[in-house]
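*Asks:* Coordinates in model-v2.cif, mmCIF, C-alpha atoms and all ligand atoms, are listed below.
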data_query
loop_
_atom_site.label_atom_id
_atom_site.label_comp_id
_atom_site.auth_asym_id
_atom_site.auth_seq_id
_atom_site.Cartn_x
_atom_site.Cartn_y
_atom_site.Cartn_z
CA MET A 137 -101.53 87.24 -48.92
CA GLN A 138 -99.60 84.01 -49.53
CA LEU A 139 -98.08 83.74 -52.96
CA LYS A 140 -96.21 80.78 -54.31
CA HIS A 141 -92.80 81.80 -55.48
CA GLU A 142 -89.63 79.97 -56.15
CA ASN A 143 -86.47 81.49 -57.43
CA THR A 144 -87.01 80.78 -61.08
CA ASN A 145 -83.37 81.36 -62.00
CA VAL A 146 -83.90 84.04 -64.53
CA ARG A 147 -82.13 83.31 -67.79
CA THR A 148 -80.15 86.29 -68.93
CA ASP A 149 -78.24 84.91 -71.90
CA THR A 150 -81.10 85.01 -74.38
CA HIS A 151 -84.11 86.96 -73.14
CA MET A 152 -84.88 89.66 -70.66
CA ASP A 153 -88.61 89.81 -70.55
CA LEU A 154 -90.55 92.41 -68.66
CA ALA A 155 -93.88 92.52 -66.90
CA ILE A 156 -95.81 95.60 -65.85
CA MET A 157 -98.09 95.34 -62.83
CA GLY A 158 -100.67 98.14 -63.03
CA TYR A 159 -101.51 99.59 -66.45
CA GLY A 160 -102.61 103.07 -65.43
CA VAL A 161 -101.08 106.39 -66.43
CA VAL A 162 -97.51 105.50 -65.48
CA GLY A 163 -97.64 101.83 -66.49
CA SER A 164 -98.94 102.66 -69.96
CA GLY A 165 -96.32 105.42 -70.19
CA VAL A 166 -93.62 102.84 -69.54
CA ALA A 167 -94.93 100.64 -72.37
CA GLN A 168 -95.12 103.67 -74.66
CA LEU A 169 -91.61 104.87 -73.88
CA LEU A 170 -90.12 101.38 -74.25
CA HIS A 171 -91.63 101.24 -77.73
CA GLN A 172 -90.73 104.84 -78.64
CA ASN A 173 -87.01 104.57 -77.81
CA TYR A 174 -86.62 100.80 -78.04
CA GLU A 175 -83.25 100.64 -79.88
CA SER A 176 -81.35 102.96 -77.57
CA ILE A 177 -82.99 101.55 -74.44
CA VAL A 178 -81.99 98.00 -75.33
CA ALA A 179 -78.45 99.07 -76.29
CA ARG A 180 -78.03 100.88 -73.00
CA SER A 181 -79.41 97.97 -70.98
CA MET A 182 -76.72 95.69 -72.44
CA GLN A 183 -79.40 93.02 -72.94
CA PRO A 184 -80.01 91.28 -76.25
CA SER A 185 -83.66 92.33 -76.04
CA LEU A 186 -86.23 93.75 -73.66
CA ARG A 187 -89.61 92.31 -74.45
CA LEU A 188 -92.78 93.38 -72.69
CA LYS A 189 -94.43 90.03 -72.05
CA TYR A 190 -97.22 90.61 -69.51
CA ILE A 191 -99.37 93.37 -68.16
CA LEU A 192 -101.04 92.54 -64.88
CA ASP A 193 -104.31 94.41 -64.44
CA LEU A 194 -107.90 93.59 -63.55
CA ARG A 195 -109.20 95.81 -66.34
CA ALA A 196 -109.35 95.06 -70.07
CA PHE A 197 -107.85 97.51 -72.57
CA PRO A 198 -109.63 96.94 -75.88
CA GLY A 199 -107.87 98.75 -78.72
CA ASP A 200 -104.67 99.27 -76.73
CA PRO A 201 -101.60 98.02 -78.64
CA TYR A 202 -100.65 95.94 -75.58
CA GLY A 203 -104.17 94.84 -74.64
CA HIS A 204 -103.35 91.25 -75.64
CA LEU A 205 -100.65 91.07 -72.96
CA VAL A 206 -103.07 91.59 -70.07
CA ILE A 207 -103.17 88.83 -67.46
CA ARG A 208 -105.04 88.75 -64.18
CA ASP A 209 -102.95 86.38 -62.06
CA VAL A 210 -99.57 87.46 -60.68
CA GLN A 211 -98.64 83.78 -60.49
CA THR A 212 -98.10 83.79 -64.26
CA ILE A 213 -95.32 86.34 -63.81
CA LEU A 214 -93.83 84.61 -60.78
CA GLU A 215 -93.63 81.27 -62.57
CA ASP A 216 -92.17 82.51 -65.82
CA PRO A 217 -88.37 82.21 -65.78
CA GLU A 218 -88.05 84.51 -68.77
CA VAL A 219 -89.42 87.48 -66.85
CA GLY A 220 -86.39 89.09 -65.26
CA ILE A 221 -87.67 92.59 -64.52
CA VAL A 222 -91.07 93.51 -63.11
CA VAL A 223 -92.38 97.07 -63.11
CA GLU A 224 -94.80 97.89 -60.31
CA THR A 225 -96.99 100.87 -61.13
CA MET A 226 -100.13 99.78 -59.28
CA GLY A 227 -99.75 102.26 -56.44
CA GLY A 228 -100.95 101.73 -52.88
CA LEU A 229 -99.67 99.20 -50.37
CA HIS A 230 -101.95 96.27 -51.00
CA PRO A 231 -101.55 94.11 -52.95
CA ALA A 232 -98.44 95.90 -54.28
CA PHE A 233 -96.30 94.91 -51.30
CA ALA A 234 -97.15 91.19 -51.49
CA PHE A 235 -96.66 91.14 -55.27
CA VAL A 236 -93.33 92.99 -55.19
CA LEU A 237 -91.98 90.85 -52.36
CA ALA A 238 -92.99 87.69 -54.21
CA CYS A 239 -91.28 88.90 -57.37
CA LEU A 240 -88.03 89.64 -55.51
CA GLU A 241 -88.19 86.26 -53.80
CA ALA A 242 -88.71 84.64 -57.17
CA GLY A 243 -85.40 86.16 -58.31
CA LYS A 244 -86.84 89.00 -60.38
CA SER A 245 -85.66 92.58 -60.18
CA VAL A 246 -88.38 95.10 -59.45
CA VAL A 247 -88.71 98.73 -60.48
CA THR A 248 -91.42 100.84 -58.89
CA SER A 249 -92.82 104.35 -58.93
CA ASN A 250 -94.82 103.66 -55.77
CA LYS A 251 -93.74 106.10 -53.03
CA GLU A 252 -96.25 104.75 -50.53
CA LEU A 253 -94.73 101.30 -50.90
CA VAL A 254 -91.12 102.46 -50.59
CA ALA A 255 -91.82 104.77 -47.64
CA ALA A 256 -93.64 102.03 -45.72
CA LYS A 257 -91.77 98.89 -46.83
CA GLY A 258 -88.54 100.08 -48.43
CA TYR A 259 -86.25 98.51 -45.86
CA GLU A 260 -87.92 95.10 -46.04
CA LEU A 261 -87.97 95.11 -49.83
CA LEU A 262 -84.34 96.19 -50.11
CA GLU A 263 -83.41 93.38 -47.73
CA ALA A 264 -85.38 90.90 -49.84
CA ALA A 265 -83.61 92.17 -52.96
CA ARG A 266 -80.24 91.75 -51.25
CA ALA A 267 -81.09 88.23 -50.07
CA HIS A 268 -82.09 87.16 -53.56
CA ASN A 269 -79.34 89.04 -55.41
CA VAL A 270 -81.72 91.13 -57.47
CA ASN A 271 -82.35 94.85 -57.83
CA PHE A 272 -85.10 96.91 -56.26
CA LEU A 273 -85.03 100.39 -57.79
CA PHE A 274 -87.45 103.30 -57.34
CA GLU A 275 -86.10 106.46 -58.95
CA ALA A 276 -89.60 107.44 -60.09
CA SER A 277 -90.97 107.40 -56.55
CA VAL A 278 -89.59 110.88 -55.78
CA GLY A 279 -89.75 113.82 -58.16
CA GLY A 280 -91.30 111.86 -61.05
CA GLY A 281 -88.91 112.36 -63.95
CA ILE A 282 -86.39 114.43 -62.00
CA PRO A 283 -83.19 112.48 -61.38
CA ILE A 284 -82.71 112.69 -57.62
CA LEU A 285 -82.27 109.31 -55.93
CA ARG A 286 -79.40 108.19 -58.13
CA PRO A 287 -77.58 111.55 -57.88
CA LEU A 288 -78.11 111.51 -54.12
CA SER A 289 -76.81 107.98 -53.63
CA GLN A 290 -74.12 107.95 -56.32
CA CYS A 291 -72.98 111.33 -57.65
CA LEU A 292 -73.05 112.95 -54.21
CA ALA A 293 -71.77 109.88 -52.36
CA ALA A 294 -68.54 111.64 -51.33
CA ASN A 295 -70.50 114.19 -49.29
CA LYS A 296 -71.91 114.18 -45.82
CA ILE A 297 -75.43 115.33 -46.58
CA THR A 298 -76.70 117.86 -44.07
CA GLU A 299 -80.09 118.67 -45.59
CA VAL A 300 -82.56 117.57 -48.24
CA ALA A 301 -85.54 119.80 -48.79
CA GLY A 302 -87.92 120.60 -51.53
CA ILE A 303 -91.20 121.12 -53.26
CA LEU A 304 -92.14 117.49 -53.62
CA ASN A 305 -95.77 117.72 -54.68
CA GLY A 306 -96.86 119.28 -57.95
CA THR A 307 -100.57 119.51 -57.16
CA THR A 308 -100.09 121.62 -54.04
CA ASN A 309 -97.50 123.77 -55.78
CA PHE A 310 -100.03 124.46 -58.53
CA ILE A 311 -102.67 125.39 -55.94
CA LEU A 312 -100.29 127.67 -54.05
CA THR A 313 -99.19 129.32 -57.29
CA ARG A 314 -102.82 130.12 -58.16
CA MET A 315 -103.43 131.44 -54.64
CA PHE A 316 -100.44 133.79 -54.91
CA GLU A 317 -100.54 134.80 -58.56
CA ASP A 318 -104.29 134.93 -59.15
CA ASP A 319 -105.58 135.68 -55.63
CA MET A 320 -107.64 132.48 -55.75
CA PRO A 321 -108.97 131.13 -52.49
CA PHE A 322 -107.90 127.59 -51.68
CA PRO A 323 -111.17 125.82 -52.71
CA ALA A 324 -111.19 127.48 -56.17
CA ALA A 325 -107.51 126.68 -56.74
CA LEU A 326 -108.14 123.06 -55.74
CA ARG A 327 -111.08 122.86 -58.15
CA LEU A 328 -108.87 124.18 -60.95
CA ALA A 329 -106.19 121.60 -60.09
CA GLN A 330 -108.86 118.89 -60.36
CA GLU A 331 -110.17 120.26 -63.66
CA ASN A 332 -106.62 120.20 -65.05
CA GLY A 333 -106.20 116.58 -63.98
CA TYR A 334 -103.48 117.31 -61.40
CA ALA A 335 -105.44 116.60 -58.25
CA GLU A 336 -107.35 113.38 -57.74
CA LYS A 337 -111.08 113.36 -57.03
CA ASP A 338 -110.06 112.63 -53.46
CA PRO A 339 -107.17 115.08 -53.13
CA THR A 340 -106.38 114.26 -49.49
CA ALA A 341 -102.96 112.68 -50.04
CA ASP A 342 -101.74 115.75 -51.91
CA ILE A 343 -103.30 118.62 -49.98
CA GLU A 344 -102.75 117.14 -46.53
CA GLY A 345 -99.07 116.52 -47.27
CA HIS A 346 -99.10 112.70 -47.18
CA ASP A 347 -97.62 112.37 -50.67
CA ALA A 348 -94.80 114.81 -49.86
CA CYS A 349 -94.28 112.99 -46.56
CA ARG A 350 -93.70 109.66 -48.30
CA LYS A 351 -91.18 111.33 -50.59
CA ILE A 352 -89.23 113.02 -47.80
CA CYS A 353 -89.09 109.65 -45.99
CA ILE A 354 -87.40 108.11 -49.03
CA LEU A 355 -85.02 111.06 -49.45
CA ALA A 356 -84.15 111.03 -45.74
CA ALA A 357 -83.46 107.29 -45.78
CA LEU A 358 -81.10 107.65 -48.73
CA ALA A 359 -79.41 110.80 -47.46
CA PHE A 360 -78.99 109.71 -43.85
CA GLY A 361 -78.86 105.93 -44.13
CA ARG A 362 -81.82 104.85 -42.01
CA HIS A 363 -85.44 104.06 -42.81
CA VAL A 364 -87.85 106.80 -41.81
CA TYR A 365 -91.55 105.95 -41.57
CA PRO A 366 -94.24 108.50 -42.48
CA GLU A 367 -95.52 108.25 -38.90
CA GLN A 368 -92.19 109.71 -37.70
CA VAL A 369 -92.59 112.87 -39.79
CA ARG A 370 -94.78 115.73 -38.58
CA THR A 371 -96.96 116.43 -41.59
CA GLU A 372 -99.13 119.45 -42.24
CA GLY A 373 -100.92 120.20 -45.48
CA ILE A 374 -102.14 123.37 -47.11
CA SER A 375 -105.92 123.02 -46.75
CA SER A 376 -106.14 125.42 -43.82
CA LEU A 377 -104.05 128.12 -45.48
CA ARG A 378 -106.02 131.37 -45.67
CA ALA A 379 -106.05 134.20 -48.19
CA GLU A 380 -104.97 136.46 -45.30
CA ASP A 381 -101.74 134.47 -44.94
CA VAL A 382 -101.09 134.69 -48.66
CA ALA A 383 -101.55 138.47 -48.46
CA CYS A 384 -99.29 138.85 -45.40
CA ALA A 385 -96.56 136.65 -46.93
CA SER A 386 -96.72 138.54 -50.25
CA ALA A 387 -96.55 141.88 -48.48
CA GLY A 388 -93.43 140.72 -46.63
CA GLY A 389 -91.63 139.46 -49.77
CA PHE A 390 -92.32 135.75 -49.30
CA ALA A 391 -93.92 132.87 -51.16
CA ILE A 392 -95.54 130.00 -49.28
CA LYS A 393 -94.39 126.56 -50.39
CA LEU A 394 -95.26 123.10 -49.13
CA LEU A 395 -91.79 121.89 -48.13
CA GLY A 396 -90.63 118.42 -47.27
CA ARG A 397 -87.47 118.80 -45.27
CA ALA A 398 -84.97 116.49 -43.58
CA VAL A 399 -82.00 117.99 -41.74
CA ARG A 400 -79.11 116.29 -39.99
CA LEU A 401 -78.83 117.58 -36.41
CA PRO A 402 -75.50 118.00 -34.58
CA ASP A 403 -76.36 115.09 -32.22
CA GLY A 404 -76.73 112.65 -35.13
CA ARG A 405 -80.52 112.56 -35.18
CA ILE A 406 -82.51 114.15 -37.96
CA SER A 407 -85.39 116.57 -38.08
CA ALA A 408 -88.02 115.63 -40.68
CA THR A 409 -91.13 117.63 -41.45
CA VAL A 410 -93.66 118.40 -44.14
CA ALA A 411 -95.41 121.75 -43.80
CA PRO A 412 -96.19 124.92 -45.68
CA ALA A 413 -93.48 127.48 -45.03
CA LEU A 414 -92.69 131.07 -45.94
CA VAL A 415 -89.74 131.20 -48.33
CA PRO A 416 -88.21 134.58 -49.27
CA HIS A 417 -88.41 135.45 -52.95
CA SER A 418 -84.60 135.67 -53.00
CA CYS A 419 -84.48 131.84 -52.69
CA LEU A 420 -84.66 129.76 -55.85
CA LEU A 421 -87.29 127.46 -54.38
CA ALA A 422 -89.68 130.39 -53.89
CA ASN A 423 -89.75 130.82 -57.66
CA VAL A 424 -90.65 127.24 -58.55
CA SER A 425 -94.21 127.56 -59.84
CA ASP A 426 -97.17 125.53 -61.06
CA VAL A 427 -96.77 121.76 -61.06
CA TYR A 428 -92.98 121.84 -61.04
CA ASN A 429 -90.96 120.22 -58.26
CA ALA A 430 -87.53 121.20 -56.99
CA ILE A 431 -85.29 119.41 -54.52
CA LEU A 432 -82.32 120.99 -52.79
CA VAL A 433 -79.50 118.82 -51.47
CA ARG A 434 -76.88 120.32 -49.20
CA GLY A 435 -73.57 118.47 -48.87
CA ASP A 436 -70.39 119.34 -47.04
CA ALA A 437 -68.28 119.25 -50.21
CA ILE A 438 -70.73 120.29 -52.91
CA GLY A 439 -72.64 123.00 -51.03
CA ASP A 440 -76.18 123.33 -52.42
CA VAL A 441 -77.46 121.63 -55.56
CA ILE A 442 -81.01 121.91 -56.81
CA PHE A 443 -82.85 119.42 -59.01
CA TYR A 444 -85.79 120.92 -60.87
CA GLY A 445 -88.38 119.57 -63.28
CA ARG A 446 -91.65 117.78 -63.77
CA GLY A 447 -92.45 115.80 -60.67
CA ALA A 448 -95.38 113.88 -62.13
CA GLY A 449 -97.04 112.94 -65.41
CA LYS A 450 -97.10 109.96 -67.72
CA LEU A 451 -93.89 110.21 -69.73
CA PRO A 452 -91.77 112.16 -67.20
CA THR A 453 -92.42 109.44 -64.61
CA ALA A 454 -92.00 106.68 -67.21
CA SER A 455 -88.62 108.24 -68.04
CA ALA A 456 -87.39 107.45 -64.52
CA VAL A 457 -88.97 103.97 -64.50
CA VAL A 458 -87.36 103.01 -67.82
CA ALA A 459 -83.97 104.31 -66.65
CA ASP A 460 -84.29 101.89 -63.72
CA ILE A 461 -85.19 99.07 -66.12
CA ILE A 462 -82.01 99.85 -68.05
CA ASP A 463 -80.02 99.78 -64.82
CA CYS A 464 -81.53 96.42 -63.90
CA GLY A 465 -80.49 95.11 -67.31
CA LYS A 466 -76.93 96.24 -66.67
CA HIS A 467 -76.85 94.71 -63.20
CA VAL A 468 -78.19 91.21 -63.65
CA GLN A 469 -75.24 89.25 -62.31
CA HIS A 470 -74.11 91.76 -59.72
CA ARG A 471 -76.98 93.68 -58.26
CA LYS A 472 -76.67 97.37 -57.48
CA PHE A 473 -75.95 98.01 -53.86
CA PHE A 474 -78.70 100.21 -52.62
CA GLY A 475 -79.91 100.15 -49.07
CA TRP A 476 -80.22 101.62 -45.61
CA ASP A 477 -80.52 100.58 -41.98
CA PRO A 478 -83.81 99.72 -40.28
CA ALA A 479 -85.86 102.49 -38.67
CA ASP A 480 -85.19 103.64 -35.13
CA PRO A 481 -87.81 105.65 -33.23
CA ALA A 482 -85.05 107.78 -31.66
CA PHE A 483 -83.57 108.72 -35.04
CA VAL A 484 -86.10 111.48 -35.77
CA ALA A 485 -86.18 114.32 -33.25
CA PRO A 486 -89.59 115.65 -32.17
CA ALA A 487 -90.56 118.61 -34.36
CA GLU A 488 -91.11 120.75 -31.24
CA GLU A 489 -87.32 120.69 -30.72
CA ASP A 490 -86.62 122.21 -34.14
CA VAL A 491 -85.10 125.66 -34.31
CA SER A 492 -86.77 127.86 -36.90
CA ALA A 493 -87.95 131.36 -37.62
CA PHE A 494 -91.74 131.59 -37.49
CA TYR A 495 -94.56 133.51 -39.15
CA ILE A 496 -97.50 134.09 -36.86
CA ARG A 497 -100.88 135.67 -37.53
CA THR A 498 -103.32 136.36 -34.74
CA VAL A 499 -106.64 138.15 -34.74
CA CYS A 500 -107.22 139.81 -31.38
CA ALA A 501 -110.46 141.18 -29.97
CA LEU A 502 -110.71 144.94 -30.25
CA ALA A 503 -110.53 145.33 -26.48
CA PHE A 504 -107.18 143.47 -26.45
CA ASP A 505 -104.17 145.63 -25.61
CA LEU A 506 -102.27 145.01 -28.83
CA GLU A 507 -99.55 147.57 -28.09
CA ALA A 508 -98.71 145.98 -24.75
CA ALA A 509 -98.53 142.53 -26.35
CA LYS A 510 -96.26 143.86 -29.10
CA ALA A 511 -93.96 145.54 -26.55
CA ALA A 512 -93.71 142.29 -24.56
CA LEU A 513 -92.93 140.27 -27.67
CA LEU A 514 -90.30 142.79 -28.70
CA ARG A 515 -88.63 142.47 -25.30
CA GLN A 516 -88.60 138.67 -25.63
CA PHE A 517 -87.63 138.58 -29.33
CA PRO A 518 -85.73 141.79 -30.21
CA GLY A 519 -85.57 140.67 -33.85
CA VAL A 520 -89.36 140.41 -34.27
CA ARG A 521 -90.63 141.88 -37.58
CA TRP A 522 -94.21 143.15 -37.96
CA LEU A 523 -95.91 142.39 -41.28
CA GLU A 524 -98.26 145.11 -42.50
CA ARG A 525 -100.72 144.53 -45.33
CA PRO A 526 -103.45 146.62 -46.88
CA GLY A 527 -106.97 145.54 -45.98
CA ALA A 528 -106.05 143.77 -42.75
CA ALA A 529 -108.96 143.25 -40.36
CA PRO A 530 -108.90 145.33 -37.17
CA GLY A 531 -107.05 143.35 -34.50
CA GLU A 532 -105.01 141.32 -37.00
CA LEU A 533 -101.37 141.10 -36.06
CA ALA A 534 -98.91 139.27 -38.28
CA PHE A 535 -95.24 139.04 -37.50
CA LEU A 536 -92.03 137.07 -37.98
CA LEU A 537 -90.21 135.69 -34.99
CA PRO A 538 -86.44 135.24 -35.29
CA PRO A 539 -85.11 131.67 -34.98
CA ALA A 540 -86.21 129.94 -31.78
CA VAL A 541 -86.91 126.43 -30.56
CA GLU A 542 -90.48 125.76 -31.65
CA SER A 543 -91.76 124.84 -28.18
CA GLU A 544 -90.25 128.05 -26.78
CA ALA A 545 -91.73 130.19 -29.53
CA ARG A 546 -95.17 128.69 -28.85
CA ALA A 547 -94.78 129.24 -25.10
CA ALA A 548 -93.85 132.89 -25.68
CA LEU A 549 -96.91 133.33 -27.85
CA ALA A 550 -99.21 131.80 -25.27
CA GLU A 551 -97.74 134.13 -22.66
CA ASN A 552 -98.33 137.29 -24.68
CA PHE A 553 -101.56 136.55 -26.48
CA ASP A 554 -104.69 135.38 -24.83
CA VAL A 555 -105.91 134.08 -28.20
CA GLN A 556 -104.99 131.07 -30.29
CA PRO A 557 -102.95 132.19 -33.31
CA GLU A 558 -104.85 131.74 -36.57
CA THR A 559 -101.70 130.58 -38.35
CA VAL A 560 -98.20 129.51 -37.35
CA LEU A 561 -95.80 128.70 -40.18
CA ARG A 562 -92.07 128.23 -40.38
CA VAL A 563 -89.92 130.67 -42.30
CA ILE A 564 -87.23 128.83 -44.23
CA GLU A 565 -84.35 130.50 -45.99
CA PHE A 566 -82.02 128.35 -48.06
N1 LIG B 1 -99.92 113.71 -56.90
C1 LIG B 1 -98.51 113.84 -57.04
C2 LIG B 1 -98.13 115.30 -57.27
C3 LIG B 1 -98.04 112.96 -58.19
O1 LIG B 1 -99.05 116.12 -57.46
O2 LIG B 1 -96.97 115.64 -57.22
C4 LIG B 1 -96.65 112.51 -58.08
O3 LIG B 1 -96.39 111.84 -56.88
#
Can I see the file as structure tokens?
Ligand code: HSE

*Replies:*
Amino acid sequence: MQLKHENTNVRTDTHMDLAIMGYGVVGSGVAQLLHQNYESIVARSMQPSLRLKYILDLRAFPGDPYGHLVIRDVQTILEDPEVGIVVETMGGLHPAFAFVLACLEAGKSVVTSNKELVAAKGYELLEAARAHNVNFLFEASVGGGIPILRPLSQCLAANKITEVAGILNGTTNFILTRMFEDDMPFPAALRLAQENGYAEKDPTADIEGHDACRKICILAALAFGRHVYPEQVRTEGISSLRAEDVACASAGGFAIKLLGRAVRLPDGRISATVAPALVPHSCLLANVSDVYNAILVRGDAIGDVIFYGRGAGKLPTASAVVADIIDCGKHVQHRKFFGWDPADPAFVAPAEEDVSAFYIRTVCALAFDLEAAKAALLRQFPGVRWLERPGAAPGELAFLLPPAVESEARAALAENFDVQPETVLRVIEF
């Protein structure tokens, strides 16, 4: 999409007007929060005023206190020199990317909550912001209201980060919590998540891990200094998780959590994955329930820090967006340095090379010599742990393999079992 945009030389001495592109849950939350805490927000932004001037949306909002601000053409924002900060809460890549790029090129700072946009186009947009001496900030794109990107890039800047991992999706955490605490099968837990307004009608992005994948890409880029595309991250969701796995994990003292994880490897590359994993109850992350998110950062000086809170929702997400607006206000003349290097296909190691402990559940035919297979596995992996659970089907064998390279663990399995495992999950201990 070609948009006309000239640097409109934003005036900062008198006004700092705002525009919101996309007046959905988050966009309307931003307007609400700006109104609710207006005095302190303006004071903290060091601007004389912060006036919401336009709302870009195709819909009309009769009765909404800001309904009169709705416009339909982004050009109005681009051509208005009084608009210095644009909030993008449209979601999706198109037309968000074209609109955000045009705003940056027109000399306007942009704040977004759009993880899909940042994960796919973050490098290009940060470069555009640098070239035009404006800010491009996206604290709300990961963890909703939880402060994580700023702490990672500022407060922890003295550290070499070795790992960032966490529960990055509230919907799936709610579903998993219901599966563990209420013995709900996956479809019923998903339905409940939809009834509560957590999961979308089309829940694919949440349950198949795409949303968490976008977030781990952003965290990895900030932690390790290079753009990571979602296509570089092996992503598994929770839709194929079975009640049998929940029962085996519970019996062994584990929760199952959908974890996004990026780890610095000794050779300088990173490992980046999104997948459900067994987490022992002794770990804090295993006890993060319902729609809550938690993100662990491991640094060489700080050790482990965990950020916990509401990872979604109208006002929690607006809280992070408005904090970015305030930061833009404070950094009009000298933009905030925020950036990373372009992606490199060799930067992310293939997931098959990862070393991890594994949970495996197989269901063997009754004629299968289970004892012989167990003895062979024990010889190969002396640390193997069998998981017993009441009510297991005849022929079910669930066990934990001690840490091994994934490709080697899978080869050992194929050698000892003439059946495809029903489930293979990583076991992660923090
Ligand atoms: N659908 C997301 C979640 C919203 O459930 O966490 C925030 O990205």

*Asks:* Nearest to Gly527 (chain A): which of A:Leu192, A:Cys384, A:Ile207, A:Arg350 is it, counting all atoms listed in the file?

*Replies:* A:Cys384

*Asks:* So that I can check the surroundings of Tyr190 (chain A), please list as a PyMOL selection string every protein, DNA and RNA residue that reaches within 10 Å of it, counting all atoms listed in the file and ignoring chain neighbours fewer than 6 positions away.

*Replies:* chain A and resi 153-157+202-208+210+212-213+219+222

*Asks:* What's around region 499-516 of chain A at 6 Å? Count only C-alpha atoms, leave out sequence neighbours fewer than 4 positions away in its own chain, and write the answer as an MDAnalysis selection string.

*Replies:* chainID A and resid 531:532 552

*Asks:* Taking all atoms listed in the file into account, produce a table as a tab-separated table in which each residue of chain A with an atom at most 9 Å from an atom of ligand LIG 1 (chain B) appears once, together with its shortest atom pair and the distance in Å to one decimal, ordered by chain and rising number.

*Replies:*
residue	atom	partner	partner_atom	distance
A:Ser249	CA	B:LIG1	O3	8.5
A:Asn250	CA	B:LIG1	O3	8.4
A:Lys251	CA	B:LIG1	O3	7.4
A:Ala276	CA	B:LIG1	O3	8.7
A:Ser277	CA	B:LIG1	O3	7.0
A:Val278	CA	B:LIG1	O3	7.0
A:Gly279	CA	B:LIG1	C4	7.0
A:Gly280	CA	B:LIG1	C4	6.2
A:Ile303	CA	B:LIG1	O2	8.9
A:Leu304	CA	B:LIG1	O2	6.3
A:Asn305	CA	B:LIG1	O2	3.5
A:Gly306	CA	B:LIG1	O2	3.7
A:Thr307	CA	B:LIG1	O1	3.7
A:Thr308	CA	B:LIG1	O1	6.6
A:Asn309	CA	B:LIG1	O1	8.0
A:Phe310	CA	B:LIG1	O1	8.5
A:Tyr334	CA	B:LIG1	O1	6.0
A:Ala335	CA	B:LIG1	N1	6.4
A:Glu336	CA	B:LIG1	N1	7.5
A:Pro339	CA	B:LIG1	N1	8.3
A:Ala341	CA	B:LIG1	N1	7.6
A:Asp342	CA	B:LIG1	N1	5.7
A:Ile343	CA	B:LIG1	O1	9.0
A:Asp347	CA	B:LIG1	O3	6.4
A:Ala348	CA	B:LIG1	O2	7.7
A:Lys351	CA	B:LIG1	O3	8.2
A:Val427	CA	B:LIG1	O1	7.1
A:Tyr428	CA	B:LIG1	O2	8.3
A:Asn429	CA	B:LIG1	O2	7.6
A:Arg446	CA	B:LIG1	O2	8.7
A:Gly447	CA	B:LIG1	O2	5.7
A:Ala448	CA	B:LIG1	C4	4.5
A:Gly449	CA	B:LIG1	C3	7.3
A:Thr453	CA	B:LIG1	C4	8.4

*Asks:* Just C-alpha atoms for this one: save the residues we selected as a CSV table (one decimal), in the coordinates of the input.

*Replies:*
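Output file again.csv is given in full below:
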chain,number,residue,atom,x,y,z
A,249,SER,CA,-92.8,104.4,-58.9
A,250,ASN,CA,-94.8,103.7,-55.8
A,251,LYS,CA,-93.7,106.1,-53.0
A,276,ALA,CA,-89.6,107.4,-60.1
A,277,SER,CA,-91.0,107.4,-56.6
A,278,VAL,CA,-89.6,110.9,-55.8
A,279,GLY,CA,-89.8,113.8,-58.2
A,280,GLY,CA,-91.3,111.9,-61.0
A,303,ILE,CA,-91.2,121.1,-53.3
A,304,LEU,CA,-92.1,117.5,-53.6
A,305,ASN,CA,-95.8,117.7,-54.7
A,306,GLY,CA,-96.9,119.3,-58.0
A,307,THR,CA,-100.6,119.5,-57.2
A,308,THR,CA,-100.1,121.6,-54.0
A,309,ASN,CA,-97.5,123.8,-55.8
A,310,PHE,CA,-100.0,124.5,-58.5
A,334,TYR,CA,-103.5,117.3,-61.4
A,335,ALA,CA,-105.4,116.6,-58.2
A,336,GLU,CA,-107.4,113.4,-57.7
A,339,PRO,CA,-107.2,115.1,-53.1
A,341,ALA,CA,-103.0,112.7,-50.0
A,342,ASP,CA,-101.7,115.8,-51.9
A,343,ILE,CA,-103.3,118.6,-50.0
A,347,ASP,CA,-97.6,112.4,-50.7
A,348,ALA,CA,-94.8,114.8,-49.9
A,351,LYS,CA,-91.2,111.3,-50.6
A,427,VAL,CA,-96.8,121.8,-61.1
A,428,TYR,CA,-93.0,121.8,-61.0
A,429,ASN,CA,-91.0,120.2,-58.3
A,446,ARG,CA,-91.6,117.8,-63.8
A,447,GLY,CA,-92.4,115.8,-60.7
A,448,ALA,CA,-95.4,113.9,-62.1
A,449,GLY,CA,-97.0,112.9,-65.4
A,453,THR,CA,-92.4,109.4,-64.6

*Asks:* Between CA of Ala548 (chain A) and CA of Val382 (chain A), what is the distance, to one decimal in Å?

*Replies:*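 Separation between CA of Ala548 (chain A) and CA of Val382 (chain A): 24.2 Å.
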
*Asks:* Mind pulling up the distance from CA of Asp209 (chain A) to CA of Ile177 (chain A)?

*Replies:* 28.0 Å

*Asks:* So the first atom is CA of Arg400 (chain A) and the second is CA of Ala264 (chain A); what is the distance between them in Å, to one decimal place?

*Replies:*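 For CA of Arg400 (chain A) relative to CA of Ala264 (chain A), the distance reads 27.9 Å.
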
*Asks:* Contacts of region 353-358 of chain A at 10 Å or less, counting all atoms listed in the file, minus same-chain residues fewer than 2 places along, as a PyMOL selection string?

*Replies:* chain A and resi 251-252+254-256+258-259+274+277-278+284-286+288-289+297+299-301+348-351+360-369+396-400+406-409+431+433+474-479

*Asks:* Given the choices A:Pro539, A:Gly302, A:Pro217, A:Gly373, which gets closest to Ser492 (chain A) if the distance is worked out from all atoms listed in the file?

*Replies:*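 Residue with the minimum atom-to-atom distance to Ser492 (chain A): A:Pro539.
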